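A.B. asks: Quick one: the structure is below, and I'll ask about it shortly.
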Amino acid sequence: MTLLIPYNLRCEHMFTARGLNTSVPRFSWALEAEGKDRWQTAYRVELRNEDGIIWDSGKVPSNQTQLIPYGGPRLSSDAVLTWIVTCWDENNTPSAPSKPAMIFTGLAAADWEAEWIARYFVLPAGREAPADNIYDNLWQARPADYVRRDFATSQAPIRATLYITALGLYEAYMNGQRVGEDVMAPGWTDYHTRVEYQVHDVTDLVRAGNNVLGAILGEGWYSGRVGHNQRRAGNHYGGRPALLCQLHLHYGDGTSQIVCTDEHWQTRQGPICYSDFLMGEMYDARLEIANWNTPDCELSGWQRVEVFVPDPGAPQLDAARVQPAREVARLPASFSHHARSGAAIFDLGQNIAGYVELRVSGRSGDRFTIRHAETLDADRELYTANLRHAVAIDIFVASGNGTETFKPRFTFHGFRYVELTLPDGISPDQVSMTGITVQTDTSVTGVIETGHPLVNQLLSNIFWSQRGNFLSVPTDCPQRDERYGWTADAQVFWKTAGYFMDVSAFLTKWMLDIVDGQSRDGAFPDVAPTKPLNPYRLTPQPGAPGWGDAPVIMAWEHWLRYADRGLLERYWPALEAWAEHIGRANPDFIRRNAVYNNYGDWLSVGPVTDRTLVATAYWYRVADLLSRIADVLGRATDAARHRQTADSIRAAFTSAFVTADHQLTSDTQTAYLLALDFGLLARDQRNHAATRLVELIKAADGHLQTGFLGVRHLLPVLTAIGRDDLAVAMLLKETYPSWGFSIAHGATTIWERWDGWTPQKGFQSTNMNSFNHYAYGSVGEWIWSRLAGIDWDPNSPGYMGAVLRPLFHQAIGSCRAMYTAHPGRFVSQWDFEGSNVKWIVEIPPNCRVQLELPSGWQFAGGRHLTTLASGHHRFLLSPTGALAHS
């Protein structure tokens, strides 16, 4: 019998915790082992610093592997720790100690000595007067600021740790070397409330003698353009980027030194003439500053920085709660054809969010202009009308010093196609272009493939839409002048998102952004961070039904997937305040008031669903989930109160929206889907509603007619009412409107609109037509949880238990799915062999699952259900019963 193997060690959901925001961090690990029915019966966690063990949990009898709280003495700041875990199995045999994982404890508020620094303030765009120079531009976008600080050490440090953040974006350097691989750091928060700092081990970059710590600062979300309000396009938080950092040096003789941002830093402008999320970046290599980040720099032209306190006050400093954004994929760009202008058009073959890397050899002053677009128009020209006010143009001016490489630092675009305008005498085959995808580097947790090419392309489109929009916050789109963290888009997609990537830390951070935007009277916002959506409001724009409700829904799903009780406890007061906000405005339990920008079933096709019905259904969902959350937290009185509210909403819903013949007053697919999936109907009403839903789908020739809110529930409800056949048929449909329609017309990501482009009408409205919007990709949860059959078990959250219930369907042919949950790896793989099915199941140690076969399939003895413990299992199934199990 092999030993248990603990792996994927996490502290506060992070493989490497780079800074702690709690004095009681929590430890988690996954398990793997050969054999069946393997269990952890005890664990031991050991935490060490450079001097030895500082906490030893001892052998703790427990099968728990998730979020084990620290129980030792108070952790010191500015420490680097390692931890390991040992596990005992069902035979009381210990595992080998795990590979160690690292923790950087970070800094406490009292440890910060650094001051905010910036280039002295110049209105309106950071240019000197007169402004007739290379830094001039139509958008008054600022040039990047270069800052540096010389410092000396008498000896090489044995440990050097850099704590750094910015208002805006930064890229850090030590002695000419780039620090880390982060991009778009420190990420987006409400900078008036808090900013997150990053932690880097720079021990190998600091040397005895003279050193230079430097950074480049860009505008980013802080002072650059974000959002779609052209009357207030930028400067949402401030007028100039700023830097804050602190370098802690520890020496072998026991002494230490701190180098921090203060009045001794110097600044100047350089080759980044401007850089803006929506406008793009211009880089003039002729302006490069030789050795600017080394001790050998010529300092003429450099000036002292200004030390200042940001308005309206210095933000709270928190350690980063989420993985940094990084470059996660590279795609070669292939020359496609020439535009009418003569410019070269390249194709990545995939719609992405990021930028291109250009390698060229040009003359001094040669100008290379890079335009971006998601698709081409009928004349095979770049289609950019849907970008609205986003210019999305990068410009590189060559220095003439041989082969040069350019990629933007502080902008990103949503695109598949690139138009490159070349200087005279340079042809497309003389340049090299690569598309680079950037996203918050959430680890990939799910791999899935079916026997149907359309489904596989749909899964790819969902994955790439998530990849293109999970950048610091879950944005709606990466290409046009918007890029907000819309809450309803995220909540309908959240279960899908958790299959493809580990979003535990991502939501930990974004939930705080949402709560930072909650109004004093309890209203959650439509977007988070909130500031750019409506910069003229003194308070954030309150959330609509389905939007403001998102934190409740996502908190519950976070619990089911990750069993993070701490998140529920932390945000319980905020969730309660939202429920009270709705309740105060609607004493008759019909949600007519406090609905704000009531979007309804946004961008639906076909009959419009009554928005009050949708709003009331979502209110019931909120009350129902709050009752369940209260049960988890042991708040029996609160659970009963929310259950009573839910019962009152259900009664009011029935009275207002259900007719005497059991039809809904709003006779639409979405109305029936919400009523059925949320549990708003009595048994006899459910049967009638299910029948009517099927009738509506058939009346639409088997097509969907749902928008953002309804689409998530479509296939799960059809399966729940026993219409797997209809669910699969809708999944595979290729005529409009359907998922397959966009794929048939070349989509490589999920479209915002079902009719983003049609042969009859061409492109939809330029005012709102993104081709990279993940909301309709919420169908992914049905593919994972029902087609592949890997689903969470509400009675055993955090995937300590699971439900495996695949749908074997000849039209799909096969399905291979592997999902790495926090406790370990689950596999569900089925293939047809004639009329029989071979099903392979893998369950991680310490877990027990319930197996549920679809209608028409049986285990031996005619059973439809069975339970399994961990291990590798093979079934050969026929409609009449299991033929084999090993």
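Residues are referred to by chain and number: the chain letter is A, B, ... according to the order shown in the structure tokens, the number counts from 1 in that chain, and ligands are numbered separately from 1 in the order shown.
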Please list as a PDB file with N, CA, C and O atoms, in the first residue's frame every residue within 10 Å of A:Arg380, counting only C-alpha atoms and excluding residues in the same chain fewer than 6 positions away.
C.D. replies:
ATOM      1  N   SER A 336      -1.900  37.650 -42.658  1.00  0.00           N
ATOM      2  CA  SER A 336      -3.134  37.268 -43.335  1.00  0.00           C
ATOM      3  C   SER A 336      -3.255  37.916 -44.708  1.00  0.00           C
ATOM      4  O   SER A 336      -3.328  37.248 -45.723  1.00  0.00           O
ATOM      5  N   HIS A 337      -3.245  39.251 -44.750  1.00  0.00           N
ATOM      6  CA  HIS A 337      -3.417  39.958 -46.014  1.00  0.00           C
ATOM      7  C   HIS A 337      -3.105  41.429 -45.784  1.00  0.00           C
ATOM      8  O   HIS A 337      -2.829  41.859 -44.663  1.00  0.00           O
ATOM      9  N   HIS A 338      -3.165  42.205 -46.862  1.00  0.00           N
ATOM     10  CA  HIS A 338      -2.948  43.647 -46.765  1.00  0.00           C
ATOM     11  C   HIS A 338      -4.286  44.373 -46.729  1.00  0.00           C
ATOM     12  O   HIS A 338      -5.219  44.031 -47.453  1.00  0.00           O
ATOM     13  N   ALA A 339      -4.383  45.372 -45.863  1.00  0.00           N
ATOM     14  CA  ALA A 339      -5.552  46.240 -45.845  1.00  0.00           C
ATOM     15  C   ALA A 339      -5.513  47.179 -47.041  1.00  0.00           C
ATOM     16  O   ALA A 339      -4.510  47.266 -47.762  1.00  0.00           O
ATOM     17  N   ARG A 340      -6.617  47.887 -47.269  1.00  0.00           N
ATOM     18  CA  ARG A 340      -6.667  48.839 -48.376  1.00  0.00           C
ATOM     19  C   ARG A 340      -5.551  49.871 -48.275  1.00  0.00           C
ATOM     20  O   ARG A 340      -5.011  50.327 -49.284  1.00  0.00           O
ATOM     21  N   ILE A 345      -2.151  42.946 -42.169  1.00  0.00           N
ATOM     22  CA  ILE A 345      -3.065  42.423 -41.155  1.00  0.00           C
ATOM     23  C   ILE A 345      -2.612  41.022 -40.755  1.00  0.00           C
ATOM     24  O   ILE A 345      -2.413  40.148 -41.604  1.00  0.00           O
TER      25      ILE A 345
END
A.B. asks: For stretch 774-784 of chain A, please output as a ChimeraX atom specification all residues within 8 Å (counting only C-alpha atoms; exclusion window: fewer than 2 positions along the same chain).
C.D. replies: /A:448,459,461-462,465-466,469,476,489-490,492-496,499,707-708,711-712,715-716,749-752,772,786-791,817
A.B. asks: Between atom CA of A:Gly176 and atom CA of A:Cys260, what distance in Å does the model show, to one decimal?
C.D. replies: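 So the answer is 18.0 Å.
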A.B. asks: Using only C-alpha atoms, can you tell me which of A:Asp564, A:Thr375, A:Trp739, A:Tyr596 comes closest to A:Gly548?
C.D. replies: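 Of A:Asp564, A:Thr375, A:Trp739, A:Tyr596, the one nearest A:Gly548, counting only C-alpha atoms, is A:Tyr596.
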A.B. asks: Tell me which protein, DNA and RNA residues are within 8 Å of A:Tyr599, counting only C-alpha atoms, leaving out same-chain ones fewer than 2 positions away, and put them as a list in words.
C.D. replies: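 In the requested form, the answer reads Ala544, Pro545, Asn597, Asp601, Trp602 and Arg611 of chain A.
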A.B. asks: Given only C-alpha atoms as the basis, pick out the residue of A:Val195, A:Ala699, A:Ala141, A:Met800 nearest to A:Gly224.
C.D. replies: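 Of all the options, A:Ala141 lies closest to A:Gly224.
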A.B. asks: Any idea what's packed within 8 Å of stretch 204-211 of chain A, counting only C-alpha atoms, ignoring anything in its chain fewer than 4 positions away? Could you give it as an MDAnalysis selection string?
C.D. replies: chainID A and resid 150:157 160 174:175 177 294:295
A.B. asks: Report, in Å to a single decimal, how far apart atom CA of A:Trp556 and atom CA of A:Val515 are.
C.D. replies: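 These two atoms are separated by 15.6 Å.
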A.B. asks: Among stretch 721-765 of chain A, which ones does DSSP place in strand (DSSP E or B), written as a list in words?
C.D. replies: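 Assigned to strand (DSSP E or B), within stretch 721-765 of chain A: Trp757, Thr758, Gly762 and Phe763 of chain A.
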A.B. asks: Emit the selected residues as a PDB file, in the first residue's frame, including N, CA and C atoms.
C.D. replies:
ATOM      1  N   TRP A 757     -23.378  39.298 -34.538  1.00  0.00           N
ATOM      2  CA  TRP A 757     -23.300  39.381 -36.008  1.00  0.00           C
ATOM      3  C   TRP A 757     -24.228  38.323 -36.581  1.00  0.00           C
ATOM      4  N   THR A 758     -24.994  38.695 -37.586  1.00  0.00           N
ATOM      5  CA  THR A 758     -25.834  37.741 -38.301  1.00  0.00           C
ATOM      6  C   THR A 758     -25.690  37.991 -39.797  1.00  0.00           C
ATOM      7  N   GLY A 762     -25.714  41.790 -40.348  1.00  0.00           N
ATOM      8  CA  GLY A 762     -24.327  42.147 -40.082  1.00  0.00           C
ATOM      9  C   GLY A 762     -24.096  42.361 -38.601  1.00  0.00           C
ATOM     10  N   PHE A 763     -23.289  43.370 -38.258  1.00  0.00           N
ATOM     11  CA  PHE A 763     -22.941  43.627 -36.866  1.00  0.00           C
ATOM     12  C   PHE A 763     -24.088  44.312 -36.131  1.00  0.00           C
TER      13      PHE A 763
END
A.B. asks: From the list A:Ala290, A:Ala574, A:Met511, A:Val728, which residue is nearest A:His558 when using only C-alpha atoms?
C.D. replies: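 Distance minimum relative to A:His558 lands on A:Met511.
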A.B. asks: Please list as number ranges by chain every residue within 6 Å of stretch 267-272 of chain A, counting only C-alpha atoms and excluding residues in the same chain fewer than 3 positions away.
C.D. replies: A: 143-147, 282-285, 287-288, 302-303, 305
A.B. asks: Given only C-alpha atoms as the basis, pick out the residue of A:Pro25, A:Gly354, A:Pro312, A:Pro737 nearest to A:Tyr70.
C.D. replies: A:Pro25
A.B. asks: Find the residues around A:Trp619 up to 9 Å (only C-alpha atoms counted), leave out those fewer than 2 positions away in its own chain, and share them as a ChimeraX atom specification.
C.D. replies: /A:545-546,549,579,582,589-591,614-617,621-624,646,649
A.B. asks: Next, write the just-selected residues to a file, as a PDB file, in the first residue's frame, keeping N, CA, C and O atoms as the atom set.
C.D. replies:
ATOM      1  N   PRO A 545     -31.503  44.208  -9.348  1.00  0.00           N
ATOM      2  CA  PRO A 545     -31.766  42.791  -9.068  1.00  0.00           C
ATOM      3  C   PRO A 545     -30.915  41.888  -9.963  1.00  0.00           C
ATOM      4  O   PRO A 545     -30.839  42.086 -11.179  1.00  0.00           O
ATOM      5  N   GLY A 546     -30.284  40.906  -9.348  1.00  0.00           N
ATOM      6  CA  GLY A 546     -29.358  40.031 -10.062  1.00  0.00           C
ATOM      7  C   GLY A 546     -27.940  40.555 -10.046  1.00  0.00           C
ATOM      8  O   GLY A 546     -26.987  39.786 -10.142  1.00  0.00           O
ATOM      9  N   ASP A 549     -27.490  41.438  -5.961  1.00  0.00           N
ATOM     10  CA  ASP A 549     -27.653  40.154  -5.273  1.00  0.00           C
ATOM     11  C   ASP A 549     -26.421  39.258  -5.403  1.00  0.00           C
ATOM     12  O   ASP A 549     -26.315  38.233  -4.715  1.00  0.00           O
ATOM     13  N   ALA A 579     -29.870  42.542   2.437  1.00  0.00           N
ATOM     14  CA  ALA A 579     -31.215  41.987   2.582  1.00  0.00           C
ATOM     15  C   ALA A 579     -32.145  42.995   3.254  1.00  0.00           C
ATOM     16  O   ALA A 579     -33.309  43.159   2.861  1.00  0.00           O
ATOM     17  N   ILE A 582     -33.265  45.725   0.787  1.00  0.00           N
ATOM     18  CA  ILE A 582     -34.373  45.325  -0.086  1.00  0.00           C
ATOM     19  C   ILE A 582     -35.675  45.282   0.702  1.00  0.00           C
ATOM     20  O   ILE A 582     -36.712  45.775   0.255  1.00  0.00           O
ATOM     21  N   PHE A 589     -43.430  42.308  -0.090  1.00  0.00           N
ATOM     22  CA  PHE A 589     -42.657  41.158  -0.572  1.00  0.00           C
ATOM     23  C   PHE A 589     -42.693  40.991  -2.092  1.00  0.00           C
ATOM     24  O   PHE A 589     -42.312  39.936  -2.604  1.00  0.00           O
ATOM     25  N   ILE A 590     -43.110  42.002  -2.813  1.00  0.00           N
ATOM     26  CA  ILE A 590     -42.912  42.073  -4.263  1.00  0.00           C
ATOM     27  C   ILE A 590     -41.869  43.153  -4.503  1.00  0.00           C
ATOM     28  O   ILE A 590     -42.019  44.282  -4.036  1.00  0.00           O
ATOM     29  N   ARG A 591     -40.828  42.820  -5.228  1.00  0.00           N
ATOM     30  CA  ARG A 591     -39.669  43.705  -5.326  1.00  0.00           C
ATOM     31  C   ARG A 591     -39.865  44.733  -6.453  1.00  0.00           C
ATOM     32  O   ARG A 591     -39.321  44.610  -7.539  1.00  0.00           O
ATOM     33  N   VAL A 614     -38.699  38.992 -12.320  1.00  0.00           N
ATOM     34  CA  VAL A 614     -37.283  38.619 -12.197  1.00  0.00           C
ATOM     35  C   VAL A 614     -36.723  39.119 -10.867  1.00  0.00           C
ATOM     36  O   VAL A 614     -36.031  38.388 -10.142  1.00  0.00           O
ATOM     37  N   ALA A 615     -37.032  40.374 -10.537  1.00  0.00           N
ATOM     38  CA  ALA A 615     -36.500  40.962  -9.309  1.00  0.00           C
ATOM     39  C   ALA A 615     -36.994  40.215  -8.075  1.00  0.00           C
ATOM     40  O   ALA A 615     -36.228  39.943  -7.140  1.00  0.00           O
ATOM     41  N   THR A 616     -38.281  39.861  -8.059  1.00  0.00           N
ATOM     42  CA  THR A 616     -38.846  39.161  -6.907  1.00  0.00           C
ATOM     43  C   THR A 616     -38.271  37.755  -6.794  1.00  0.00           C
ATOM     44  O   THR A 616     -37.993  37.268  -5.678  1.00  0.00           O
ATOM     45  N   ALA A 617     -38.102  37.084  -7.929  1.00  0.00           N
ATOM     46  CA  ALA A 617     -37.490  35.755  -7.910  1.00  0.00           C
ATOM     47  C   ALA A 617     -36.088  35.822  -7.318  1.00  0.00           C
ATOM     48  O   ALA A 617     -35.693  34.972  -6.495  1.00  0.00           O
ATOM     49  N   ARG A 621     -34.314  34.179  -3.921  1.00  0.00           N
ATOM     50  CA  ARG A 621     -33.031  33.478  -3.930  1.00  0.00           C
ATOM     51  C   ARG A 621     -32.107  34.019  -2.835  1.00  0.00           C
ATOM     52  O   ARG A 621     -31.439  33.259  -2.123  1.00  0.00           O
ATOM     53  N   VAL A 622     -32.076  35.331  -2.671  1.00  0.00           N
ATOM     54  CA  VAL A 622     -31.244  35.947  -1.640  1.00  0.00           C
ATOM     55  C   VAL A 622     -31.682  35.491  -0.252  1.00  0.00           C
ATOM     56  O   VAL A 622     -30.861  35.083   0.586  1.00  0.00           O
ATOM     57  N   ALA A 623     -32.998  35.546   0.022  1.00  0.00           N
ATOM     58  CA  ALA A 623     -33.492  35.152   1.340  1.00  0.00           C
ATOM     59  C   ALA A 623     -33.229  33.677   1.619  1.00  0.00           C
ATOM     60  O   ALA A 623     -32.836  33.291   2.731  1.00  0.00           O
ATOM     61  N   ASP A 624     -33.443  32.845   0.612  1.00  0.00           N
ATOM     62  CA  ASP A 624     -33.213  31.408   0.761  1.00  0.00           C
ATOM     63  C   ASP A 624     -31.747  31.125   1.080  1.00  0.00           C
ATOM     64  O   ASP A 624     -31.427  30.345   1.990  1.00  0.00           O
ATOM     65  N   ALA A 646     -38.273  34.322   3.076  1.00  0.00           N
ATOM     66  CA  ALA A 646     -38.357  33.574   1.822  1.00  0.00           C
ATOM     67  C   ALA A 646     -39.761  33.015   1.620  1.00  0.00           C
ATOM     68  O   ALA A 646     -40.318  33.076   0.506  1.00  0.00           O
ATOM     69  N   ILE A 649     -42.024  35.812   0.528  1.00  0.00           N
ATOM     70  CA  ILE A 649     -41.782  36.189  -0.875  1.00  0.00           C
ATOM     71  C   ILE A 649     -42.403  35.161  -1.803  1.00  0.00           C
ATOM     72  O   ILE A 649     -43.038  35.516  -2.813  1.00  0.00           O
TER      73      ILE A 649
END
A.B. asks: So, with only C-alpha atoms as the atoms that count, which of A:Glu569, A:Asp647, A:Asp667, A:Asp684 lies closest to A:Val608?
C.D. replies: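 Closest residue, counting only C-alpha atoms: A:Asp667.
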A.B. asks: Hey, can you check how far atom CA of A:Arg650 sits from atom CA of A:Ala550?
C.D. replies: 19.8 Å
A.B. asks: Give me, as an NGL selection string, the residues of stretch 655-724 of chain A that a backbone DSSP run labels alpha helix (DSSP H).
C.D. replies: :A and (655-657 or 669-678 or 683-699 or 708-720 or 724)
A.B. asks: Kindly export the residues of the current selection with C-alpha atoms, as a PDB file, in the first residue's frame.
C.D. replies:
ATOM      1  CA  SER A 655     -50.238  35.468  -5.739  1.00  0.00           C
ATOM      2  CA  ALA A 656     -48.833  38.074  -8.105  1.00  0.00           C
ATOM      3  CA  PHE A 657     -47.332  36.032 -10.927  1.00  0.00           C
ATOM      4  CA  GLN A 669     -38.526  30.893 -20.902  1.00  0.00           C
ATOM      5  CA  THR A 670     -36.624  32.936 -18.320  1.00  0.00           C
ATOM      6  CA  ALA A 671     -39.653  33.360 -16.059  1.00  0.00           C
ATOM      7  CA  TYR A 672     -40.200  29.600 -15.867  1.00  0.00           C
ATOM      8  CA  LEU A 673     -36.493  28.891 -15.520  1.00  0.00           C
ATOM      9  CA  LEU A 674     -36.081  31.173 -12.509  1.00  0.00           C
ATOM     10  CA  ALA A 675     -39.300  29.978 -10.863  1.00  0.00           C
ATOM     11  CA  LEU A 676     -38.307  26.336 -11.289  1.00  0.00           C
ATOM     12  CA  ASP A 677     -34.631  26.585 -10.405  1.00  0.00           C
ATOM     13  CA  PHE A 678     -35.077  28.866  -7.398  1.00  0.00           C
ATOM     14  CA  ARG A 683     -45.296  20.635  -6.760  1.00  0.00           C
ATOM     15  CA  ASP A 684     -48.383  20.870  -8.978  1.00  0.00           C
ATOM     16  CA  GLN A 685     -47.280  24.285 -10.190  1.00  0.00           C
ATOM     17  CA  ARG A 686     -43.834  22.889 -10.992  1.00  0.00           C
ATOM     18  CA  ASN A 687     -45.286  20.213 -13.251  1.00  0.00           C
ATOM     19  CA  HIS A 688     -47.304  22.769 -15.186  1.00  0.00           C
ATOM     20  CA  ALA A 689     -44.323  25.121 -15.371  1.00  0.00           C
ATOM     21  CA  ALA A 690     -42.080  22.367 -16.697  1.00  0.00           C
ATOM     22  CA  THR A 691     -44.608  21.491 -19.374  1.00  0.00           C
ATOM     23  CA  ARG A 692     -45.026  25.130 -20.363  1.00  0.00           C
ATOM     24  CA  LEU A 693     -41.259  25.678 -20.537  1.00  0.00           C
ATOM     25  CA  VAL A 694     -40.908  22.817 -22.990  1.00  0.00           C
ATOM     26  CA  GLU A 695     -43.804  24.205 -25.033  1.00  0.00           C
ATOM     27  CA  LEU A 696     -42.131  27.613 -25.234  1.00  0.00           C
ATOM     28  CA  ILE A 697     -38.861  26.083 -26.383  1.00  0.00           C
ATOM     29  CA  LYS A 698     -40.621  24.019 -29.035  1.00  0.00           C
ATOM     30  CA  ALA A 699     -42.559  27.105 -30.163  1.00  0.00           C
ATOM     31  CA  PHE A 708     -27.759  37.034 -19.035  1.00  0.00           C
ATOM     32  CA  LEU A 709     -29.861  35.975 -16.059  1.00  0.00           C
ATOM     33  CA  GLY A 710     -31.938  33.258 -17.678  1.00  0.00           C
ATOM     34  CA  VAL A 711     -29.298  31.436 -19.699  1.00  0.00           C
ATOM     35  CA  ARG A 712     -27.502  29.956 -16.699  1.00  0.00           C
ATOM     36  CA  HIS A 713     -30.604  28.016 -15.672  1.00  0.00           C
ATOM     37  CA  LEU A 714     -31.655  26.718 -19.094  1.00  0.00           C
ATOM     38  CA  LEU A 715     -29.891  23.373 -19.409  1.00  0.00           C
ATOM     39  CA  PRO A 716     -29.791  22.576 -15.668  1.00  0.00           C
ATOM     40  CA  VAL A 717     -33.570  23.011 -15.443  1.00  0.00           C
ATOM     41  CA  LEU A 718     -34.200  20.918 -18.551  1.00  0.00           C
ATOM     42  CA  THR A 719     -32.142  18.136 -17.010  1.00  0.00           C
ATOM     43  CA  ALA A 720     -33.918  18.525 -13.668  1.00  0.00           C
ATOM     44  CA  ASP A 724     -31.858  15.710 -21.145  1.00  0.00           C
TER      45      ASP A 724
END
